[in-house]
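Have a look at run.tsv below; it lists TSV, C-alpha atoms.
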```tsv
chain	number	residue	atom	x	y	z
A	17	MET	CA	124.37	90.75	84.65
A	18	VAL	CA	121.04	91.20	82.93
A	19	ARG	CA	122.70	90.79	79.55
A	20	GLU	CA	124.31	87.64	80.89
A	21	PHE	CA	121.03	86.66	82.41
A	22	PHE	CA	119.36	86.94	79.04
A	23	ARG	CA	122.20	85.17	77.29
A	24	LYS	CA	121.77	82.26	79.64
A	25	LEU	CA	118.03	82.32	79.34
A	26	TYR	CA	117.89	82.61	75.57
A	27	PRO	CA	121.23	81.58	74.05
A	28	ASP	CA	119.80	81.33	70.55
A	29	THR	CA	118.10	84.70	70.55
A	30	ASP	CA	119.72	87.88	69.30
A	31	LEU	CA	119.79	90.45	72.04
A	32	PRO	CA	118.78	93.98	71.17
A	33	SER	CA	121.92	95.92	70.21
A	34	ASP	CA	121.08	98.66	72.67
A	35	LEU	CA	120.86	97.53	76.26
A	36	SER	CA	121.85	100.96	77.46
A	37	PRO	CA	119.28	101.10	80.26
A	38	PHE	CA	121.46	98.62	82.10
A	39	SER	CA	124.61	100.69	81.91
A	40	PRO	CA	125.13	104.25	83.17
A	41	SER	CA	124.97	105.50	79.62
A	42	GLY	CA	124.61	104.13	76.13
A	43	SER	CA	127.78	105.82	74.93
A	44	ASP	CA	130.95	103.76	74.51
A	45	THR	CA	133.02	106.31	76.41
A	46	GLU	CA	130.93	106.19	79.52
A	47	SER	CA	130.53	102.46	79.24
A	48	ASP	CA	134.31	102.24	79.22
A	49	THR	CA	134.41	104.38	82.33
A	50	ALA	CA	131.91	102.14	83.99
A	51	THR	CA	133.94	99.10	83.03
A	52	ALA	CA	137.07	100.72	84.40
A	53	ASN	CA	135.33	101.60	87.63
A	54	HIS	CA	134.07	98.14	88.21
A	55	GLY	CA	136.96	96.23	86.74
A	56	THR	CA	134.67	93.93	84.80
A	57	ASP	CA	133.11	93.66	81.37
A	58	GLU	CA	129.64	93.30	82.78
A	59	PRO	CA	127.37	96.29	82.32
A	60	VAL	CA	126.40	98.25	85.39
A	61	LEU	CA	122.81	97.63	86.34
A	62	ASP	CA	120.17	100.24	86.76
A	63	ASP	CA	118.51	99.15	89.97
A	64	GLU	CA	115.31	100.99	89.11
A	65	TYR	CA	114.54	98.31	86.56
A	66	ILE	CA	112.57	95.24	87.46
A	67	ILE	CA	112.61	91.84	85.82
A	68	LYS	CA	109.02	90.87	85.34
A	69	ILE	CA	107.93	87.35	84.52
A	70	GLY	CA	104.85	88.06	82.47
A	71	ASN	CA	103.26	88.15	79.04
A	72	VAL	CA	105.09	89.30	75.92
A	73	SER	CA	103.13	89.84	72.74
A	74	GLY	CA	105.89	90.42	70.16
A	75	SER	CA	108.07	87.83	68.45
A	76	GLN	CA	110.86	88.03	71.05
A	77	PRO	CA	110.70	86.10	74.34
A	78	PHE	CA	111.27	89.33	76.24
A	79	ASP	CA	110.37	92.97	76.04
A	80	ILE	CA	112.07	96.09	77.39
A	81	ASP	CA	109.87	99.01	78.46
A	82	ARG	CA	112.25	101.94	78.91
A	83	THR	CA	109.54	104.28	80.19
A	84	GLU	CA	108.28	102.04	82.97
A	85	LYS	CA	111.73	100.45	83.34
A	86	ILE	CA	110.49	96.90	83.12
A	87	VAL	CA	112.15	93.98	81.38
A	88	THR	CA	109.42	91.44	80.81
A	89	VAL	CA	110.36	87.82	80.25
A	90	ASP	CA	107.70	85.42	79.04
A	91	PRO	CA	108.22	81.96	80.52
A	92	THR	CA	105.96	80.39	77.92
A	93	ARG	CA	108.51	81.28	75.24
A	94	GLY	CA	111.72	79.29	75.12
A	95	ASP	CA	112.64	76.52	77.52
A	96	TRP	CA	111.17	77.19	80.97
A	97	GLY	CA	113.24	74.39	82.46
A	98	ASP	CA	116.46	76.23	81.59
A	99	SER	CA	115.03	79.63	82.44
A	100	LYS	CA	113.99	78.34	85.82
A	101	GLU	CA	117.52	77.29	86.70
A	102	GLU	CA	118.90	80.69	85.70
A	103	LEU	CA	116.22	82.57	87.57
A	104	LYS	CA	116.76	80.43	90.64
A	105	GLU	CA	120.48	81.14	90.45
A	106	TYR	CA	119.78	84.84	90.10
A	107	TRP	CA	117.46	84.65	93.12
A	108	ARG	CA	120.07	82.71	95.12
A	109	GLU	CA	123.20	84.64	94.15
A	110	GLU	CA	121.98	88.15	93.38
A	111	LYS	CA	118.62	89.15	94.66
A	112	GLY	CA	117.45	86.86	97.38
A	113	ARG	CA	113.79	87.58	96.89
A	114	ALA	CA	111.00	87.43	94.36
A	115	PHE	CA	107.59	89.10	94.44
A	116	THR	CA	104.19	88.63	92.95
A	117	GLU	CA	103.11	91.79	91.16
A	118	SER	CA	100.45	93.01	93.56
A	119	ALA	CA	102.66	92.25	96.57
A	120	PHE	CA	105.46	94.27	94.95
A	121	GLY	CA	103.24	97.35	94.55
A	122	LEU	CA	102.12	97.11	98.15
A	123	TYR	CA	105.72	96.55	99.28
A	124	LEU	CA	106.89	99.70	97.46
A	125	SER	CA	104.02	101.67	98.97
A	126	ILE	CA	104.79	100.47	102.49
A	127	ARG	CA	108.43	101.41	102.08
A	128	ALA	CA	107.52	104.85	100.73
A	129	SER	CA	104.89	105.63	103.37
A	130	LYS	CA	106.53	104.17	106.43
A	131	GLY	CA	107.71	107.54	107.75
A	132	ASP	CA	104.29	109.17	107.40
A	133	VAL	CA	102.47	106.22	108.91
A	134	ASN	CA	104.94	105.93	111.77
A	135	ASP	CA	104.35	109.62	112.58
A	136	VAL	CA	100.66	108.88	112.99
A	137	MET	CA	101.23	105.66	114.90
A	138	ASP	CA	103.62	107.39	117.32
A	139	PHE	CA	100.52	109.09	118.70
A	140	PHE	CA	97.99	106.28	118.48
A	141	ASP	CA	100.03	103.18	119.29
A	142	PRO	CA	100.46	104.01	123.01
A	143	VAL	CA	96.79	104.87	123.53
A	144	LEU	CA	95.04	102.09	121.58
A	145	THR	CA	94.82	98.37	122.30
A	146	SER	CA	97.31	96.20	120.45
A	147	ALA	CA	94.66	94.96	118.00
A	148	GLN	CA	93.32	98.47	117.35
A	149	SER	CA	96.82	99.74	116.77
A	150	SER	CA	97.72	96.96	114.31
A	151	MET	CA	94.47	97.47	112.46
A	152	LEU	CA	95.00	101.23	112.19
A	153	GLU	CA	98.59	100.81	111.01
A	154	GLU	CA	97.60	98.33	108.32
A	155	ALA	CA	94.60	100.42	107.27
A	156	TYR	CA	96.82	103.49	107.04
A	157	HIS	CA	99.26	101.69	104.77
A	158	LEU	CA	96.39	100.49	102.60
A	159	SER	CA	95.03	104.04	102.33
A	160	LYS	CA	98.43	105.27	101.14
A	161	TYR	CA	98.60	102.40	98.65
A	162	PHE	CA	95.09	103.12	97.33
A	163	ASP	CA	95.75	106.88	97.10
A	164	ASN	CA	99.15	106.75	95.45
A	165	PHE	CA	99.41	103.59	93.37
A	166	ASN	CA	96.39	103.73	91.06
A	167	VAL	CA	95.13	100.44	92.47
A	168	ASP	CA	92.56	98.45	90.52
A	169	PRO	CA	89.11	98.76	92.20
A	170	ASN	CA	88.79	94.97	92.47
A	171	GLU	CA	92.11	94.74	94.28
A	172	GLU	CA	91.09	97.59	96.60
A	173	TYR	CA	87.80	95.83	97.35
A	174	GLU	CA	89.62	92.56	98.11
A	175	ARG	CA	92.23	94.14	100.34
A	176	ARG	CA	89.57	96.04	102.29
A	177	GLY	CA	87.66	92.78	102.67
A	178	LYS	CA	90.73	90.97	104.00
A	179	LEU	CA	91.29	93.74	106.53
A	180	GLY	CA	87.66	93.33	107.60
A	181	ASP	CA	88.08	89.55	107.84
A	182	LYS	CA	91.13	89.94	110.03
A	183	TYR	CA	89.92	92.66	112.38
A	184	ASP	CA	86.11	92.66	112.13
A	185	THR	CA	84.01	94.07	109.34
A	186	PRO	CA	84.11	97.81	110.21
A	187	ALA	CA	87.89	97.77	109.67
A	188	GLN	CA	87.34	97.71	105.94
A	189	ASN	CA	86.19	101.33	106.07
A	190	VAL	CA	89.17	102.58	108.06
A	191	PRO	CA	91.40	103.22	105.01
A	192	SER	CA	88.82	105.81	103.89
A	193	LEU	CA	88.97	107.49	107.31
A	194	CYS	CA	92.77	107.54	107.09
A	195	SER	CA	92.71	108.99	103.60
A	196	ALA	CA	90.30	111.72	104.72
A	197	GLY	CA	92.78	112.84	107.39
A	198	TYR	CA	90.82	111.99	110.55
A	199	PHE	CA	93.91	110.56	112.28
A	200	GLU	CA	96.35	113.28	111.28
A	201	GLU	CA	97.63	116.00	113.56
A	202	HIS	CA	94.65	118.32	114.32
A	203	GLY	CA	92.37	115.58	112.98
A	204	LEU	CA	89.17	114.45	114.65
A	205	PHE	CA	90.53	111.45	116.56
A	206	ARG	CA	93.31	113.42	118.23
A	207	ASP	CA	90.84	116.13	119.19
A	208	ILE	CA	88.60	113.49	120.74
A	209	TYR	CA	91.49	112.03	122.72
A	210	ASP	CA	92.30	115.51	124.04
A	211	GLN	CA	88.67	116.03	125.05
A	212	LEU	CA	88.96	112.98	127.32
A	213	SER	CA	92.01	114.40	129.13
A	214	ASP	CA	90.14	114.98	132.42
A	215	SER	CA	89.18	111.34	132.66
A	216	ASP	CA	91.15	108.99	134.94
A	217	THR	CA	90.64	106.31	132.34
A	218	GLN	CA	91.49	108.37	129.28
A	219	ASP	CA	93.04	105.56	127.22
A	220	LYS	CA	90.32	103.02	128.05
A	221	ASP	CA	87.58	105.57	127.31
A	222	PHE	CA	89.26	106.43	124.04
A	223	GLN	CA	89.57	102.76	123.08
A	224	ASP	CA	85.83	102.24	123.69
A	225	LEU	CA	84.99	105.37	121.73
A	226	PHE	CA	87.36	104.37	118.95
A	227	ASN	CA	85.43	101.14	118.42
A	228	ASP	CA	82.11	102.97	118.31
A	229	LEU	CA	83.39	105.63	115.91
A	230	ILE	CA	84.98	103.08	113.59
A	231	ARG	CA	81.87	100.91	113.59
A	232	ASN	CA	79.25	103.62	113.13
A	233	ARG	CA	81.18	106.57	111.68
A	234	PRO	CA	78.63	109.09	113.05
A	235	PHE	CA	80.79	111.99	111.85
A	236	VAL	CA	81.00	111.17	108.16
A	237	ILE	CA	79.16	109.84	105.14
A	238	PHE	CA	81.10	108.72	102.08
A	239	VAL	CA	78.93	109.11	99.00
A	240	SER	CA	79.97	106.54	96.44
A	241	GLY	CA	79.13	106.32	92.75
A	242	GLY	CA	76.74	103.87	91.16
A	243	ALA	CA	73.61	102.60	92.86
A	244	ASP	CA	73.80	104.55	96.09
A	245	LEU	CA	71.49	106.36	98.46
A	246	SER	CA	69.03	108.94	97.14
A	247	VAL	CA	69.32	112.53	98.39
A	248	GLY	CA	66.29	111.90	100.63
A	249	GLU	CA	67.93	108.83	102.11
A	250	LEU	CA	71.16	110.76	102.59
A	251	ARG	CA	69.30	113.44	104.48
A	252	TYR	CA	67.76	110.80	106.74
A	253	LEU	CA	71.22	109.31	107.31
A	254	VAL	CA	72.53	112.75	108.31
A	255	LEU	CA	69.75	112.97	110.92
A	256	GLN	CA	70.60	109.49	112.23
A	257	LYS	CA	74.28	110.41	112.50
A	258	SER	CA	73.38	113.62	114.29
A	259	ASN	CA	71.33	111.66	116.84
A	260	HIS	CA	74.25	109.30	117.37
A	261	LEU	CA	76.60	112.25	117.99
A	262	ASP	CA	74.25	113.45	120.74
A	263	THR	CA	74.86	110.21	122.65
A	264	LEU	CA	78.64	110.55	122.72
A	265	PRO	CA	80.63	111.79	125.75
A	266	VAL	CA	82.62	114.14	123.48
A	267	ASP	CA	81.70	117.02	121.19
A	268	ILE	CA	81.86	116.45	117.47
A	269	GLU	CA	80.52	119.58	115.90
A	270	TYR	CA	80.38	118.65	112.23
A	271	ILE	CA	79.11	115.82	110.10
A	272	HIS	CA	81.07	115.53	106.87
A	273	VAL	CA	79.48	114.33	103.65
A	274	ARG	CA	82.23	113.47	101.20
A	275	GLY	CA	81.94	112.83	97.46
A	276	MET	CA	84.58	112.07	94.87
A	277	GLY	CA	83.85	112.14	91.13
A	278	HIS	CA	81.02	113.70	89.15
A	279	GLY	CA	78.00	111.68	90.37
A	280	PRO	CA	78.81	111.73	94.09
A	281	GLU	CA	79.76	115.43	93.98
A	282	GLU	CA	76.45	116.25	92.34
A	283	LYS	CA	74.62	114.36	95.05
A	284	VAL	CA	76.51	116.21	97.79
A	285	SER	CA	75.54	119.53	96.17
A	286	GLU	CA	71.89	118.46	95.97
A	287	LEU	CA	71.96	117.44	99.62
A	288	LYS	CA	73.35	120.86	100.52
A	289	GLN	CA	70.41	122.54	98.75
A	290	VAL	CA	67.88	120.40	100.58
A	291	LEU	CA	69.54	121.06	103.95
A	292	ASP	CA	69.80	124.78	103.14
A	293	GLU	CA	66.05	124.88	102.74
A	294	GLY	CA	65.74	123.35	106.20
A	295	GLY	CA	67.97	126.07	107.66
A	296	ALA	CA	71.04	123.92	108.41
A	297	ARG	CA	74.38	125.68	108.88
A	298	GLN	CA	76.90	124.16	106.56
A	299	MET	CA	79.98	124.80	104.55
A	300	MET	CA	81.27	123.22	101.36
A	301	ASP	CA	84.95	122.85	100.59
A	302	ILE	CA	87.25	120.93	98.29
A	303	ASN	CA	89.80	118.56	99.72
A	304	ARG	CA	92.66	118.70	97.26
A	305	LYS	CA	94.51	115.40	97.36
A	306	GLU	CA	98.17	115.12	96.53
A	307	ASN	CA	97.42	112.24	94.18
A	308	GLY	CA	94.12	111.23	92.70
A	309	PRO	CA	90.89	113.16	92.24
A	310	ASN	CA	89.80	116.03	94.46
A	311	GLU	CA	87.02	115.46	96.94
A	312	LEU	CA	84.00	117.64	97.66
A	313	VAL	CA	83.34	117.90	101.39
A	314	LEU	CA	80.16	119.26	102.93
A	315	ALA	CA	80.55	120.07	106.63
A	316	ILE	CA	77.19	120.27	108.38
A	317	ASP	CA	76.92	121.85	111.85
A	318	SER	CA	75.25	118.98	113.68
A	319	SER	CA	73.54	121.34	116.15
A	320	SER	CA	71.69	123.08	113.32
A	321	ILE	CA	69.90	120.03	111.93
B	56	MET	CA	121.49	96.55	94.05
B	57	SER	CA	120.24	94.50	91.13
B	58	PRO	CA	116.79	94.45	89.57
B	59	GLU	CA	113.95	92.94	91.54
B	60	ILE	CA	112.18	89.86	90.21
B	61	VAL	CA	108.43	90.33	89.92
B	62	PHE	CA	105.96	87.69	88.71
B	63	GLY	CA	102.84	88.94	86.91
B	64	GLU	CA	99.51	87.97	88.44
B	65	ASP	CA	98.87	85.46	85.64
B	66	ARG	CA	102.34	83.97	86.02
B	67	LYS	CA	102.25	83.14	89.72
B	68	GLU	CA	102.33	79.42	89.03
B	69	TYR	CA	105.82	79.89	87.57
B	70	LEU	CA	106.95	81.44	90.85
B	71	ALA	CA	105.62	78.37	92.63
B	72	ASP	CA	107.33	76.10	90.13
B	73	LEU	CA	110.59	78.02	90.52
B	74	PHE	CA	110.70	76.80	94.10
B	75	ASN	CA	109.56	73.31	93.26
B	76	LYS	CA	106.04	73.76	94.59
B	77	ILE	CA	102.92	72.28	93.08
B	78	ILE	CA	99.43	73.70	93.54
B	79	THR	CA	96.94	71.38	95.22
B	80	ASP	CA	93.29	71.12	94.18
B	81	GLU	CA	92.45	73.47	97.06
B	82	GLY	CA	94.99	75.99	95.78
B	83	TYR	CA	97.64	75.41	98.48
B	84	LEU	CA	101.35	75.34	97.68
B	85	ARG	CA	102.87	71.92	98.33
B	86	ASP	CA	106.58	71.06	98.17
B	87	ARG	CA	107.22	68.45	95.46
B	88	ASN	CA	109.83	66.62	97.51
B	89	SER	CA	108.72	66.84	101.11
B	90	GLY	CA	104.98	67.00	100.46
B	91	GLU	CA	104.67	69.78	103.03
B	92	ILE	CA	102.24	72.65	102.56
B	93	VAL	CA	103.95	76.05	102.50
B	94	LYS	CA	103.19	78.36	105.42
B	95	ASP	CA	103.34	82.12	105.76
B	96	ASP	CA	106.46	83.28	107.59
B	97	ASN	CA	104.67	85.70	109.91
B	98	THR	CA	101.45	83.93	110.85
B	99	GLY	CA	102.33	80.29	110.15
B	100	LYS	CA	99.10	79.90	108.20
B	101	LYS	CA	98.92	77.75	105.07
B	102	LEU	CA	99.49	79.70	101.87
B	103	THR	CA	97.45	79.45	98.71
B	104	ILE	CA	98.79	80.45	95.31
B	105	GLU	CA	96.42	83.44	95.42
B	106	ASP	CA	97.96	84.55	98.73
B	107	LEU	CA	101.55	84.28	97.57
B	108	GLY	CA	103.42	87.60	97.91
B	109	ILE	CA	107.17	87.30	98.47
B	110	VAL	CA	109.70	84.45	98.55
B	111	TYR	CA	112.98	85.36	100.24
B	112	HIS	CA	115.96	83.48	101.63
B	113	GLY	CA	118.12	82.27	103.90
B	114	SER	CA	116.42	79.04	102.96
B	115	GLU	CA	113.02	79.71	101.45
B	116	HIS	CA	110.69	81.96	103.40
B	117	TYR	CA	107.21	82.76	102.21
B	118	VAL	CA	105.28	85.97	102.80
B	119	LYS	CA	101.56	86.33	102.20
B	120	ASP	CA	100.34	89.09	99.89
B	121	ASP	CA	98.72	90.94	102.80
B	122	VAL	CA	99.44	94.36	104.21
B	123	GLY	CA	100.18	93.03	107.70
B	124	ASP	CA	102.54	90.34	106.47
B	125	ILE	CA	104.41	92.60	104.05
B	126	LEU	CA	104.64	95.26	106.77
B	127	HIS	CA	106.15	92.58	109.04
B	128	TYR	CA	108.63	91.69	106.29
B	129	THR	CA	109.76	95.31	105.81
B	130	THR	CA	110.02	95.89	109.55
B	131	GLU	CA	111.31	92.63	111.00
B	132	VAL	CA	113.14	90.96	108.14
B	133	GLU	CA	114.40	93.62	105.78
B	134	GLU	CA	115.64	96.12	108.36
```
Starting from the coordinates I provided, produce the structure as structure tokens.
Amino acid sequence: MVREFFRKLYPDTDLPSDLSPFSPSGSDTESDTATANHGTDEPVLDDEYIIKIGNVSGSQPFDIDRTEKIVTVDPTRGDWGDSKEELKEYWREEKGRAFTESAFGLYLSIRASKGDVNDVMDFFDPVLTSAQSSMLEEAYHLSKYFDNFNVDPNEEYERRGKLGDKYDTPAQNVPSLCSAGYFEEHGLFRDIYDQLSDSDTQDKDFQDLFNDLIRNRPFVIFVSGGADLSVGELRYLVLQKSNHLDTLPVDIEYIHVRGMGHGPEEKVSELKQVLDEGGARQMMDINRKENGPNELVLAIDSSSI
Amino acid sequence: MSPEIVFGEDRKEYLADLFNKIITDEGYLRDRNSGEIVKDDNTGKKLTIEDLGIVYHGSEHYVKDDVGDILHYTTEVEE
């Protein structure tokens, strides 16, 4: 089909002699087997490939990347009017859908992470309001996308912003809380829910607390790179967070200070030194992420500050 | 299964053109024949070219490039 697709798109262009990625094997023997199996001369498609409408820099109107499994077709080469008809036919007869590139990445991520996210939502969906639950589910999917798909920082910034626009500004920080594991089994938010178990209004109390914890994040500081807080300012922020924790109806014993990458990690280490001198009880550990860089985590006993 | 069709970020206008949509001065997608502005399948909100994520059929359905809308597509439409 892809060979046919290309033939229709570019009838005057010589196709590469080897289109083996679109058949089970490049060898004639196995191609014959494939033909026999399917009763047709058309090559069997490799469904891992995608047809990308994009930029091609060489002399051909298309490019085949066998490593990434992408066939790129450049609509500015050749006759777009004809190409459009063929693509539309392919969309109508074969595929039934077409993506923009960023939507496709997010779509793949959502499909891949659905089981994990559903496991988390099985706990939180019944105890949160509908809006809180939707926000958490979307934030969780975004955190998986950011962690696993090497997302451009600008895109991450935009998607966080859109989440904040939709659900109120503090929502844009929730993907970071998800990524840090605060909603997982044995994570902070489940512990807090359990602490409210004696209350007659456990769910309502948790929903109120959820909003406060999302908005103010009194249990964590994310140290980012670039122009960020000084160590002195960080120390002051730790004190502020500690004071906030004292006002809560539940016990949160530790304040986490988290840094990823050289600069932020250095700052976390410096903060530890300063707090050590003040006699704070604290522990430093490395959160090893499945994908992406490790994270340095300083856990400060909030009662010792 | 056959290969997915994916339009690069700098080729989105060709995806719009594929479905006979023009881009208004405000960036919205407008049908060339009916003059109607395209709306997101899930929320019913008007779609800009920047927002465009997925086009799928029956007829033509449009999905915004947003985590909530794509999640809705995978949950309510695809399955």
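Among A:Glu102, A:Glu109, A:Pro77, A:Phe115, the residue with the shortest atom-to-atom distance to B:Glu59, counting only C-alpha atoms, is A:Phe115.
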Compute the chain B side of the contact with chain A at 7 Å, counting all atoms listed in the file, and hand it back as a ChimeraX atom specification. /B:56-64,66-67,73,107-112,120,122-123,125-126
Long-range neighbours of B:Asp86 as a PyMOL selection string, 12 Å cut-off, only C-alpha atoms, 5 positions minimum in chain: chain B and resi 71-79+91-94+102+115
Pick from A:Asp98, A:Asp244, A:Asp138, A:Glu311 nearest to A:Glu281, counting only C-alpha atoms: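 For A:Glu281, the nearest of the candidates is A:Glu311.
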Write out as a PDB file with C-alpha atoms, keeping the file's coordinate frame the residues lying within 9 Å of B:Gly82, counting only C-alpha atoms and excluding same-chain residues fewer than 5 positions away.
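Okay, out.pdb is ready:
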```
ATOM      1  CA  LEU B 102      99.490  79.700 101.870  1.00  0.00           C
ATOM      2  CA  THR B 103      97.450  79.450  98.710  1.00  0.00           C
ATOM      3  CA  ILE B 104      98.790  80.450  95.310  1.00  0.00           C
ATOM      4  CA  GLU B 105      96.420  83.440  95.420  1.00  0.00           C
TER       5      GLU B 105
END
```
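Relative to atom CA of A:Glu200, atom CA of A:Ser129 is found at 13.9 Å.
Atom to atom, atom CA of B:Glu131 and atom CA of A:Pro169 stand 29.7 Å apart.
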For the atom pair atom CA of A:Pro280 and atom CA of A:Ser240, what is the interatomic distance in Å to one decimal place? 5.8 Å
Residue neighbourhood A:Leu264, 10 Å, all atoms listed in the file, exclusion window fewer than 3 positions, as number ranges by chain: A: 225, 228-229, 234, 259-261, 267-268
Find the residues around A:Gly180 up to 12 Å (all atoms listed in the file counted), leave out those fewer than 5 positions away in its own chain, and share them as a count of residues only. 16
With distances taken over all atoms listed in the file, which residue among B:Val118, B:Asp95, B:Thr129, B:Lys100 lies nearest A:Ser125? B:Thr129
Within 12 Å of A:Ser319 using all atoms listed in the file, minus same-chain residues under 4 positions, as a ChimeraX atom specification: /A:254-255,257-259,261-262,267-271,295-298,315
Let me have the centre and edge lengths in Å, one decimal, of the box along x, y and z around every listed atom of stretch 77-96 of chain A with 4 Å of margin on each side, as AutoDock Vina command-line options.
```
--center_x 109.3 --center_y 90.4 --center_z 78.8 --size_x 14.7 --size_y 35.8 --size_z 17.0
```
